[in-house]
Amino acid sequence: MPNACTVQSDSRDLNSTVQSDASKSNLLYTAPMPIFHRLPLLITLASFATLASCSSISSITSLGGGGGRPSFTAAGAHISESSDAGTVVAININTQNQFEDPLPLTLVEYTVELDGKPAVVASRSAQATAHRFSEQTFSLPAVIAGNAKPTTYRISGTVTYVPANLIKHVLYDEGIMRPSESFTFEGPVEPMPAAAPVRRIPELTREQPKPAAK
C-alpha cells in the first residue's frame with residue numbers, strides 16, 4: 001500500500017519534450033526584469049493608484065497587453081521505475097500556449113492519489129517556458145515506498161507562471177501578483193514496459209569447399 005510522503009525538489013528541472021516544434025526543444029526560464037527597467041513602471045503604477053483610487057488593479061494591469069494563459073491536459077501515466085525499495089509513477093501533462101508570447105513556468109505544486117489513497121504531496125521548480133503557439137509535455141513523478149504496482153491515479157495542483165503582460169510581469173517580480181493555473185486529472189497507470197528480449201545472433205560458419213568431381 002502506498003505511503004503518503006512529501007517531496008521537495010526545487011533544484012531539479014521538469015523533464016520536457018517539445019512536441020510541436022523541434023527547434024524550440026530547449027526550455028528557457030525568463031529571468032526577472034532588471035531593476036532599472038522596473039523602476040519607471042513602478043512609479044507609473046504608483047501614479048495610477050493615486051489618481052484612480054476607485055479603479056481595481058485588474059483595470060490597471062490590462063494596460064500592459066499580453067494577457068495569454070497556459071492550459072493543461074492529461075497525457076497519461078505509467079510506472080517508470082520499480083524495485084523492492086520503491087516505485088516511481090510518471091504522470092505526463094501537456095502544456096498548450098496558444099498565444100504569441102512565451103509564458104515562463106516557475107513552480108508546480110501538486111498532490112497525487114494512487115488507487116484512491118493519498119500518496120504524494122510535492123513541489124517542484126519548473127524553470128521551463130511554454131513557447132509561443134506550441135505544445136509540450138512534462139512529467140511529474142510520484143514516488144512511493146515498496147514495490148506496489150498502482151493501477152489508477154488522480155492528480156491535482158497548480159502551475160505558477162510569469163505573465164507576458166508587461167505590468168503584470170513587474171508586479172510578479174515585486175511579489176505582488178503571482179498568476180497560476182490549476183489542473184485535475186485522473187486515469188489508469190500503465191505498467192512498466194517489459195524489457196525487450198535479447199536477440200541472439202547465430203554464429204557465422206565458414207562454408208566448407210566442395211570436393212572436386214572425379
# chains A, B, ... in the order shown; residues from 1 in each chain; ligands from 1
call {"tool": "residues_around", "arguments": {"residues": "Glu186 of chain A", "least_positions_apart": "4", "cutoff": "12 Å", "atoms": "only C-alpha atoms", "output": "list in words"}}
result
Thr73, Ala74, Ala75, Gly76, Ala77, Ile91, Asn92, Ile93, Thr111, Val112, Glu113, Leu114, Asp115, Gly116, Thr151, Thr152, Tyr153, Arg154, Ile155 and Ser156 of chain A
call {"tool": "write_last_selection", "arguments": {"atoms": "C-alpha atoms", "output": "short mmCIF file (atom, residue, chain, number, x, y, z; two decimals), in the first residue's frame"}}
result
data_model
loop_
_atom_site.label_atom_id
_atom_site.label_comp_id
_atom_site.auth_asym_id
_atom_site.auth_seq_id
_atom_site.Cartn_x
_atom_site.Cartn_y
_atom_site.Cartn_z
CA THR A 73 -4.36 18.43 -20.43
CA ALA A 74 -3.61 14.90 -19.26
CA ALA A 75 -1.13 12.80 -21.24
CA GLY A 76 -1.27 9.52 -19.31
CA ALA A 77 0.72 7.89 -16.52
CA ILE A 91 2.41 11.41 -14.69
CA ASN A 92 2.59 13.22 -18.03
CA ILE A 93 0.89 16.57 -18.63
CA THR A 111 -0.90 16.12 -4.82
CA VAL A 112 -1.30 12.55 -6.07
CA GLU A 113 -3.62 9.72 -5.09
CA LEU A 114 -2.77 6.18 -6.21
CA ASP A 115 -5.51 3.54 -6.16
CA GLY A 116 -7.69 6.05 -4.31
CA THR A 151 -3.34 0.83 -11.35
CA THR A 152 -5.09 4.24 -11.10
CA TYR A 153 -4.04 7.79 -10.30
CA ARG A 154 -5.56 11.16 -9.54
CA ILE A 155 -3.50 14.35 -9.59
CA SER A 156 -4.45 17.94 -8.79
#
call {"tool": "atom_distance", "arguments": {"atom1": "atom CA of Ser82 of chain A", "atom2": "atom CA of Gln136 of chain A"}}
result
26.2 Å
call {"tool": "atom_distance", "arguments": {"atom1": "atom CA of Asn94 of chain A", "atom2": "atom CA of Ala164 of chain A"}}
result
19.9 Å
